[in-house]
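Peer 1: Input: one structure, supplied below.
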Amino acid sequence: MQKSLFEPLSFASGQTMKNRFFLAPMTNTQSHDDGCLSQEEYHWLTLRAKGGFGMTMTCASHVQANGQGFPGQLGIFDDKHLEGHLRLVSGIQAHQSLAVIQLHHAGIRSPKELIKGSPVGPSAHIKTGARAMTTKEVIELREAFVEAAIRAKKCGYNGVEIHGAHGYILAQFLSAEYNQRNDEYGGSMTNRFRIIIEIIDGIRHQCGAEFMIGLRLSPERYGIQLEEIKEFCLQLDAQKKVDFLDISLWDVFKMPEDASYASQSLLEHFSKLALFNTPWTVAGKIYSGRVAQKVIDAGVDFVCIGQAAILHQDFPLQVQQNPQFEASKLPVSATYLKEQGLSPKFIKYMRRWPNFVSD
Ligand SMILES: Cc1cc2nc3c(=O)[nH]c(=O)nc-3n(C[C@H](O)[C@H](O)[C@H](O)COP(=O)(O)O)c2cc1C
C-alpha cells in the first residue's frame, strides 16, 4: 500500500508529527547581531508552521560564540537568547507543528571577522588559520551542545537536531582528513565519532526520554566516507540513540561522488540499510508533491523541504490540495519572496544562491 504524506508519524520520544513534511534548517541571516531572535525570523518560521509543516526546524543556531558561522545567525549559547526562543516555540506550536532547533558550531568554517579571533577545530587548518582544540576545549564543546539542548527544552522546544553535516565542527571531527588528533577524539572511527555519541548521551541524560534528538549527517565531501556514515547509522539505530536521522543529500536522486559506490544512488545506499527503529528523512531538490511521494515510497519516513518552502510558505497545504503541485520555477523576483514572508536581509542572502532571485 502506498504510504501517505499526510499520515502522522510518532517518534521514540512519544512526540507525534501530524504529517510527513519537515521544514529544512535554513540559515536566513535575519537574527540580531547578538544572536537574539528578530521579528523577521519569527515571521518567516511561524508562517511555515501555519503553512502545514508537521515539524518546523530553525536555522543552524550556534552553541558557542566562537562557533558562529554566519552574520545574523540565531544563537542559543547564552540565557539572553531564552526570551526569543520562548516566543518562537509558542508561535510554531500554535499551529500544531513540532518546534525543533538545529544545534550548530561552525568550527574551522567560522569567519574570523565574525568571531573576532581564530577559529578552532579538531586540528589546526592552515587555509582558515584555525587552531587545534585542546582536549579540555573538546569537552567544553560537548557541554555547550548539551547546555544548548537544556536551554531549548526550557523554552518548550519538542527537541533538537544536532548538526553533524556540511563540514561544520562535528563533521570535521568525523573526517579523518580534518581530524588528526591523537587523543580519544581522533584516530579510529570510534574515536572520531565519539564526540557525537557523547553529545547525544549528555542530552538524553539531561533532557530525558521525551525530548526528541535528531542528527543531521552528510554522506560525502569534507573527507566524509559513505561507508563510515552508513555504519554509524546502523550503530545508532541498533542502540536506539536518536529519534530521527536526517541525511543531507542536496539532491535526493544524486549518485555518489566516489566512483566505487556509484552502482546505486545515495538514496538507495541508505534505503537498503533497513533502519528498524529510527525514522529518517532526506533533503535535496524535493520541489513537487510527486517527488515527495516518490521519496517516501522509496522507504524514507518523512521529507525535508528547503527551497520549495522558501518559495511557498504553505508547500504542505498546496500538496494536500493537489498531489501534483510543483514549486514555482526559479528564479523568482524579490517581490515574490517578500510575499512569501522573507525580509530584505533574507532576500539579500538568497541572492548568493545561484539563479534564485531574478532582480
Ligand atoms: C538558504 C539556505 C540555508 C541553509 N541553511 C542550512 C542550515 O542552517 N543548516 C543545515 O543543516 N542546512 C542548511 N541548508 C541546507 C538545507 O537544509 C537543505 O538540506 C538543502 O537546501 C537541500 O534541500 P532543498 O533542495 O529542498 O533546498 C540551507 C539551504 C538553503 C537553501
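By order in the C-alpha cells, chains are A, B, ...; within a chain, residues start at 1; ligands start at 1, following the order shown.
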Could you pull out the residues sitting within 7 Å of ligand 1, using only C-alpha atoms and all ligand atoms, and write them as a list in words?
Peer 2: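 I would give the residues around ligand 1 as Ala24, Pro25, Met26, Thr27, Asn28, Cys59, Ala60, His163, Ala165, His166, Arg216, Ser248, Leu249, Trp250, Asp251, Ala283, Gly284, Lys285, Ile286, Tyr287, Cys304, Ile305, Gly306, Gln307, Ala308 and Met350 of chain A.
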Peer 1: For the residues in that selection, give me C-alpha atoms as an mmCIF file, in the first residue's frame.
Peer 2:
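Contents of out-v4.cif, as written:
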data_model
loop_
_atom_site.group_PDB
_atom_site.id
_atom_site.type_symbol
_atom_site.label_atom_id
_atom_site.label_comp_id
_atom_site.auth_asym_id
_atom_site.auth_seq_id
_atom_site.Cartn_x
_atom_site.Cartn_y
_atom_site.Cartn_z
ATOM 1 C CA ALA A 24 14.670 22.070 6.464
ATOM 2 C CA PRO A 25 17.032 24.006 8.709
ATOM 3 C CA MET A 26 17.797 27.167 6.747
ATOM 4 C CA THR A 27 20.194 29.938 7.625
ATOM 5 C CA ASN A 28 18.470 33.219 6.860
ATOM 6 C CA CYS A 59 18.256 27.588 11.125
ATOM 7 C CA ALA A 60 21.604 26.331 12.401
ATOM 8 C CA HIS A 163 24.191 19.447 13.025
ATOM 9 C CA ALA A 165 26.777 17.669 8.391
ATOM 10 C CA HIS A 166 28.180 20.040 5.748
ATOM 11 C CA ARG A 216 21.914 15.504 10.554
ATOM 12 C CA SER A 248 21.550 15.678 3.724
ATOM 13 C CA LEU A 249 21.893 14.743 0.050
ATOM 14 C CA TRP A 250 21.471 18.139 -1.741
ATOM 15 C CA ASP A 251 19.711 16.126 -4.470
ATOM 16 C CA ALA A 283 16.775 16.604 1.803
ATOM 17 C CA GLY A 284 17.580 17.748 -1.691
ATOM 18 C CA LYS A 285 15.523 19.168 -4.551
ATOM 19 C CA ILE A 286 12.120 17.948 -3.401
ATOM 20 C CA TYR A 287 10.176 20.537 -5.375
ATOM 21 C CA CYS A 304 12.800 17.559 4.359
ATOM 22 C CA ILE A 305 11.847 20.607 2.293
ATOM 23 C CA GLY A 306 14.232 23.525 1.807
ATOM 24 C CA GLN A 307 13.986 25.804 -1.216
ATOM 25 C CA ALA A 308 10.404 24.797 -2.060
ATOM 26 C CA MET A 350 19.226 34.345 -1.261
#
Peer 1: I'd like to know which residues of range 201-302 of chain A are alpha helix (DSSP H) (by DSSP, run on the backbone); could you write them as a VMD selection string?
Peer 2: chain A and resid 201 to 207 226 to 238 266 to 271 289 to 297
Peer 1: Would you mind exporting the chosen residues as an mmCIF file, in the first residue's frame, restricted to C-alpha atoms?
Peer 2:
data_model
loop_
_atom_site.group_PDB
_atom_site.id
_atom_site.type_symbol
_atom_site.label_atom_id
_atom_site.label_comp_id
_atom_site.auth_asym_id
_atom_site.auth_seq_id
_atom_site.Cartn_x
_atom_site.Cartn_y
_atom_site.Cartn_z
ATOM 1 C CA ASP A 201 24.127 10.709 25.639
ATOM 2 C CA GLY A 202 24.561 14.017 27.501
ATOM 3 C CA ILE A 203 21.376 15.487 26.028
ATOM 4 C CA ARG A 204 19.409 12.307 26.710
ATOM 5 C CA HIS A 205 20.636 12.261 30.308
ATOM 6 C CA GLN A 206 19.841 15.944 30.939
ATOM 7 C CA CYS A 207 16.658 16.347 28.876
ATOM 8 C CA LEU A 226 29.986 6.982 2.894
ATOM 9 C CA GLU A 227 30.673 3.536 4.365
ATOM 10 C CA GLU A 228 31.521 5.040 7.781
ATOM 11 C CA ILE A 229 28.326 7.107 7.806
ATOM 12 C CA LYS A 230 26.238 4.034 6.900
ATOM 13 C CA GLU A 231 27.955 2.026 9.622
ATOM 14 C CA PHE A 232 27.330 4.853 12.134
ATOM 15 C CA CYS A 233 23.610 4.997 11.209
ATOM 16 C CA LEU A 234 23.345 1.241 11.819
ATOM 17 C CA GLN A 235 25.026 1.596 15.223
ATOM 18 C CA LEU A 236 22.758 4.483 16.247
ATOM 19 C CA ASP A 237 19.726 2.506 15.100
ATOM 20 C CA ALA A 238 20.713 -0.682 16.933
ATOM 21 C CA LEU A 266 22.869 7.772 -2.302
ATOM 22 C CA LEU A 267 19.177 7.331 -1.510
ATOM 23 C CA GLU A 268 19.422 3.615 -2.340
ATOM 24 C CA HIS A 269 22.537 3.260 -0.196
ATOM 25 C CA PHE A 270 20.504 4.444 2.807
ATOM 26 C CA SER A 271 17.119 2.890 1.962
ATOM 27 C CA GLY A 289 4.214 16.559 -4.482
ATOM 28 C CA ARG A 290 5.156 13.859 -6.972
ATOM 29 C CA VAL A 291 8.830 13.783 -5.892
ATOM 30 C CA ALA A 292 7.888 13.943 -2.189
ATOM 31 C CA GLN A 293 5.664 10.897 -2.698
ATOM 32 C CA LYS A 294 8.421 9.096 -4.650
ATOM 33 C CA VAL A 295 10.842 9.679 -1.765
ATOM 34 C CA ILE A 296 8.569 8.200 0.874
ATOM 35 C CA ASP A 297 7.683 5.342 -1.472
#
Peer 1: Please list as a list in words every residue within 7 Å of range 74-77 of chain A, counting only C-alpha atoms and excluding residues in the same chain fewer than 5 positions away.
Peer 2: Ser31, Gly35, Cys36, Leu37, Ser61, His62, Val63, Gln64, Ala65 and Ala148 of chain A
Peer 1: Keeping only C-alpha atoms, take the residues you just selected and write them out as a compact mmCIF listing (two decimals), in the first residue's frame.
Peer 2:
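part23.txt written:
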# COMPACT_ATOMS: atom_id res chain seq x y z
CA SER A 31 18.59 37.48 13.70
CA GLY A 35 22.09 36.04 18.27
CA CYS A 36 18.71 37.09 19.67
CA LEU A 37 15.58 36.34 17.67
CA SER A 61 21.93 28.00 15.83
CA HIS A 62 25.36 28.29 17.38
CA VAL A 63 26.06 26.76 20.78
CA GLN A 64 29.23 28.77 21.48
CA ALA A 65 30.04 32.35 20.48
CA ALA A 148 22.08 24.48 24.46
Peer 1: Please provide the set of residues having any atom within 12 Å of Gly214 in chain A, restricted to only C-alpha atoms, with same-chain residues fewer than 3 positions apart removed, written as a ChimeraX atom specification.
Peer 2: /A:11-13,55,57,100-103,149,158-164,196,199-200,203-204,211,217,233,236-237,240-247,278-281
Peer 1: Could the residues in this selection be written to a file with N, CA and C atoms, as a compact mmCIF listing (two decimals), in the first residue's frame?
Peer 2:
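Contents of the output file selection_31.txt:
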# COMPACT_ATOMS: atom_id res chain seq x y z
N PHE A 11 7.52 9.38 17.08
CA PHE A 11 8.94 9.15 17.35
C PHE A 11 9.09 8.42 18.68
N ALA A 12 10.28 7.87 18.92
CA ALA A 12 10.52 7.09 20.14
C ALA A 12 10.25 7.92 21.40
N SER A 13 10.48 9.22 21.32
CA SER A 13 10.25 10.10 22.48
C SER A 13 8.78 10.24 22.82
N MET A 55 6.78 19.51 11.15
CA MET A 55 7.92 19.85 12.02
C MET A 55 8.59 21.09 11.43
N MET A 57 11.83 23.37 11.71
CA MET A 57 13.20 23.42 12.24
C MET A 57 13.74 24.84 12.10
N VAL A 100 11.57 22.41 16.57
CA VAL A 100 12.87 21.77 16.79
C VAL A 100 13.96 22.76 16.40
N ILE A 101 15.01 22.80 17.21
CA ILE A 101 16.11 23.74 16.92
C ILE A 101 17.35 22.97 16.47
N GLN A 102 18.00 23.49 15.43
CA GLN A 102 19.24 22.84 14.97
C GLN A 102 20.43 23.43 15.73
N LEU A 103 21.21 22.56 16.37
CA LEU A 103 22.36 23.00 17.17
C LEU A 103 23.64 22.90 16.34
N ALA A 149 20.91 22.35 24.47
CA ALA A 149 19.70 21.50 24.45
C ALA A 149 18.87 21.73 25.72
N ASN A 158 10.25 20.90 21.17
CA ASN A 158 9.98 19.46 21.24
C ASN A 158 11.28 18.66 21.15
N GLY A 159 12.31 19.29 20.60
CA GLY A 159 13.58 18.58 20.52
C GLY A 159 14.63 19.40 19.80
N VAL A 160 15.74 18.73 19.55
CA VAL A 160 16.87 19.38 18.87
C VAL A 160 17.34 18.49 17.71
N GLU A 161 17.97 19.13 16.74
CA GLU A 161 18.71 18.36 15.73
C GLU A 161 20.17 18.77 15.86
N ILE A 162 21.04 17.78 16.04
CA ILE A 162 22.48 18.04 16.13
C ILE A 162 23.02 18.14 14.70
N HIS A 163 23.69 19.23 14.40
CA HIS A 163 24.19 19.45 13.02
C HIS A 163 25.55 18.76 12.88
N GLY A 164 25.52 17.58 12.32
CA GLY A 164 26.76 16.83 12.12
C GLY A 164 27.14 16.78 10.64
N ILE A 196 30.07 12.95 18.99
CA ILE A 196 28.61 12.98 18.70
C ILE A 196 27.88 12.04 19.66
N ILE A 199 27.62 13.72 22.98
CA ILE A 199 26.62 14.81 22.98
C ILE A 199 25.22 14.21 23.07
N ILE A 200 24.96 13.17 22.29
CA ILE A 200 23.62 12.53 22.33
C ILE A 200 23.35 12.01 23.74
N ILE A 203 22.70 14.86 26.19
CA ILE A 203 21.38 15.49 26.03
C ILE A 203 20.30 14.55 26.57
N ARG A 204 20.42 13.27 26.24
CA ARG A 204 19.41 12.31 26.71
C ARG A 204 19.36 12.30 28.24
N PHE A 211 12.27 14.01 25.14
CA PHE A 211 12.81 15.12 24.35
C PHE A 211 13.41 14.52 23.07
N LEU A 217 23.43 14.27 9.13
CA LEU A 217 24.74 13.81 8.64
C LEU A 217 24.81 14.01 7.13
N CYS A 233 25.09 5.01 11.16
CA CYS A 233 23.61 5.00 11.21
C CYS A 233 23.12 3.65 11.76
N LEU A 236 23.71 3.61 15.54
CA LEU A 236 22.76 4.48 16.25
C LEU A 236 21.38 3.83 16.29
N ASP A 237 21.03 3.18 15.18
CA ASP A 237 19.73 2.51 15.10
C ASP A 237 19.66 1.33 16.07
N LYS A 240 19.30 2.48 19.48
CA LYS A 240 18.14 3.39 19.66
C LYS A 240 18.58 4.72 20.25
N LYS A 241 19.63 5.28 19.67
CA LYS A 241 20.22 6.50 20.24
C LYS A 241 19.42 7.76 19.92
N VAL A 242 18.85 7.81 18.70
CA VAL A 242 18.20 9.07 18.29
C VAL A 242 16.76 8.84 17.84
N ASP A 243 15.99 9.92 17.84
CA ASP A 243 14.60 9.84 17.38
C ASP A 243 14.50 9.85 15.86
N PHE A 244 15.44 10.56 15.22
CA PHE A 244 15.43 10.54 13.75
C PHE A 244 16.82 10.86 13.20
N LEU A 245 17.02 10.39 11.98
CA LEU A 245 18.25 10.69 11.24
C LEU A 245 17.86 11.52 10.03
N ASP A 246 18.65 12.54 9.76
CA ASP A 246 18.38 13.46 8.65
C ASP A 246 19.62 13.39 7.75
N ILE A 247 19.46 12.76 6.59
CA ILE A 247 20.61 12.59 5.70
C ILE A 247 20.54 13.67 4.62
N THR A 278 14.58 3.66 13.71
CA THR A 278 14.83 5.08 13.59
C THR A 278 14.19 5.68 12.35
N PRO A 279 13.17 6.52 12.51
CA PRO A 279 12.64 7.23 11.35
C PRO A 279 13.74 8.08 10.71
N TRP A 280 13.69 8.24 9.40
CA TRP A 280 14.73 9.03 8.73
C TRP A 280 14.14 9.89 7.64
N THR A 281 14.88 10.93 7.32
CA THR A 281 14.45 11.87 6.29
C THR A 281 15.63 12.19 5.39
Peer 1: From the set A:Met212, A:Ala99, A:Leu114, A:Ala106, which residue has the shortest atom-to-atom contact distance to Gly72 in chain A, counting only C-alpha atoms?
Peer 2: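 Of the candidates, the smallest distance to Gly72 in chain A is held by A:Leu114.
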Peer 1: Which residue, A:Gln15, A:Ser358, A:Thr58, A:Gln172, has the smallest gap to Gln30 in chain A when you use only C-alpha atoms?
Peer 2: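 Distance minimum relative to Gln30 in chain A lands on A:Thr58.
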Peer 1: Could you give me the residues within range 88-221 of chain A that DSSP places in strand (DSSP E), as a count of residues only?
Peer 2: 23
Peer 1: Have a look at A:Leu88, A:Leu273, A:Ala171, A:Ile197 and name the one nearest to Thr46 in chain A; count only C-alpha atoms.
Peer 2: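 The closest residue to Thr46 in chain A is A:Leu88.
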Peer 1: I want to know what sits within 9 Å of Ala176 in chain A, based on only C-alpha atoms, with residues of the same chain fewer than 6 positions away left out; could you give that as a ChimeraX atom specification?
Peer 2: /A:186-189,192,223-225
Peer 1: Please save N, CA and C atoms of the selected residues as a short mmCIF file (atom, residue, chain, number, x, y, z; two decimals), in the first residue's frame.
Peer 2:
data_model
loop_
_atom_site.label_atom_id
_atom_site.label_comp_id
_atom_site.auth_asym_id
_atom_site.auth_seq_id
_atom_site.Cartn_x
_atom_site.Cartn_y
_atom_site.Cartn_z
N GLY A 186 40.27 11.37 18.27
CA GLY A 186 40.83 11.27 16.93
C GLY A 186 41.39 9.88 16.68
N GLY A 187 41.67 9.59 15.40
CA GLY A 187 42.25 8.28 15.08
C GLY A 187 41.21 7.33 14.54
N SER A 188 40.87 6.31 15.32
CA SER A 188 39.92 5.28 14.84
C SER A 188 38.54 5.88 14.60
N MET A 189 37.71 5.14 13.88
CA MET A 189 36.34 5.62 13.65
C MET A 189 35.63 5.83 15.00
N ARG A 192 36.80 9.16 16.39
CA ARG A 192 36.34 10.35 15.64
C ARG A 192 34.84 10.58 15.84
N GLY A 223 35.97 14.99 3.34
CA GLY A 223 36.67 13.81 3.87
C GLY A 223 35.75 12.80 4.54
N ILE A 224 34.46 12.95 4.38
CA ILE A 224 33.49 12.02 4.98
C ILE A 224 33.40 10.77 4.10
N GLN A 225 33.43 9.61 4.74
CA GLN A 225 33.36 8.34 4.00
C GLN A 225 31.95 7.76 4.10
#
Peer 1: Please identify all polymer residues within 6 Å of range 311-317 of chain A, counting only C-alpha atoms, omitting same-chain residues fewer than 3 positions from it, and present them as a list in words.
Peer 2: Arg48, Gly51, Gly52, Ala308, Gln320 and Gln340 of chain A
Peer 1: What gap, in Å, lies between CA of Ser97 in chain A and CA of Gln2 in chain A?
Peer 2: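 Result for CA of Ser97 in chain A versus CA of Gln2 in chain A: 24.0 Å, one decimal.
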